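First comes the structure, then the notes that go with it.
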Amino acid sequence: MFCRIVAHEAPATIRYEDADVIAFDAEPAATPLHVLVVPRNHIRSVAELADTELAGRLVLVSSRIAADAGAKSFRVATNSGAPLQDVFHLHWHVMAGDAMGHPAGIAFSRRTQKL
Ligand SMILES: [Zn+2]
């Protein structure tokens with residue numbers, strides 16, 4: 001699915017893209033700001049991410065997405081492996097604008113309840 005968005009073959013609201021990274025709105029959104037930051041290359045999860053430069057750029061793009069959205073408080077998170085990971089193409093979640101609380105699982109557990 002994410003490979004199709006990367007190739008512009010599937011619709012998405014794209015917030016940022018460059019030669020290596022693309023960021024688009026999550027569908028459905030779990031929080032008012034919920035953007036996925038994804039490497040163009042198909043990497044299964046952070047457990048298989050070995051490129052230090054790409055890892056850093058994914059994090060910096062995530063931070064920039066939050067700044068561009070005006071979020072003063074935000075979360076950057078990635079899940080690796082089932083059952084936490086639902087799409088097996090590495091993606092960072094950038095989430096803000098809700099009472100997400102601590103620890104990081106709250107927004108996801110709310111979404112799970114809807115399914
Ligand atoms: Zn993929």
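Each chain in the structure tokens gets a letter, A, B, ..., in the order shown, and its residues are numbered from 1; ligands are numbered from 1 in order too.
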Return as a tab-separated table the residues of chain A lying at most 12 Å from ligand 1, together with the closest atom-to-atom pair for each and the distance in Å to one decimal, counting only C-alpha atoms and all ligand atoms, with rows in chain order and ascending residue number.
residue	atom	partner	partner_atom_place_in_ligand_line	distance
A:Met1	CA	ligand 1	1 (Zn)	6.4
A:Phe2	CA	ligand 1	1 (Zn)	5.0
A:Cys3	CA	ligand 1	1 (Zn)	3.9
A:Arg4	CA	ligand 1	1 (Zn)	7.4
A:Ile5	CA	ligand 1	1 (Zn)	8.8
A:Val6	CA	ligand 1	1 (Zn)	8.1
A:Ala7	CA	ligand 1	1 (Zn)	9.9
A:Ile22	CA	ligand 1	1 (Zn)	12.0
A:Val38	CA	ligand 1	1 (Zn)	9.0
A:Pro39	CA	ligand 1	1 (Zn)	8.7
A:Arg40	CA	ligand 1	1 (Zn)	7.8
A:Asn41	CA	ligand 1	1 (Zn)	7.1
A:His42	CA	ligand 1	1 (Zn)	4.3
A:Ile43	CA	ligand 1	1 (Zn)	6.8
A:Arg44	CA	ligand 1	1 (Zn)	7.3
A:Ser45	CA	ligand 1	1 (Zn)	10.0
A:Val87	CA	ligand 1	1 (Zn)	8.5
A:Phe88	CA	ligand 1	1 (Zn)	7.0
A:His89	CA	ligand 1	1 (Zn)	4.5
A:Leu90	CA	ligand 1	1 (Zn)	7.7
A:His91	CA	ligand 1	1 (Zn)	9.7
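The residues of stretch 8-76 of chain A that DSSP classifies as strand (DSSP E or B), using the backbone of this structure, are Ile14, Arg15, Tyr16, Glu17, Val21, Ile22, Ala23, Phe24, Asp25, Leu33, His34, Val35, Leu36, Val37, Val38, Pro39, Phe74, Arg75 and Val76 of chain A.
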Task: From A:Ala30, A:Asp20, A:Glu53, A:Leu60, residue lying nearest A:Met95 [only C-alpha atoms] - done: A:Ala30
Task: A:Ala26 surroundings by only C-alpha atoms, 7 Å radius, close-in-sequence under 5 positions cut, as a ChimeraX atom specification - done: /A:34-36
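With atom CA of A:Val94 on one side and atom CA of A:Ala47 on the other, the separation reads 18.8 Å.
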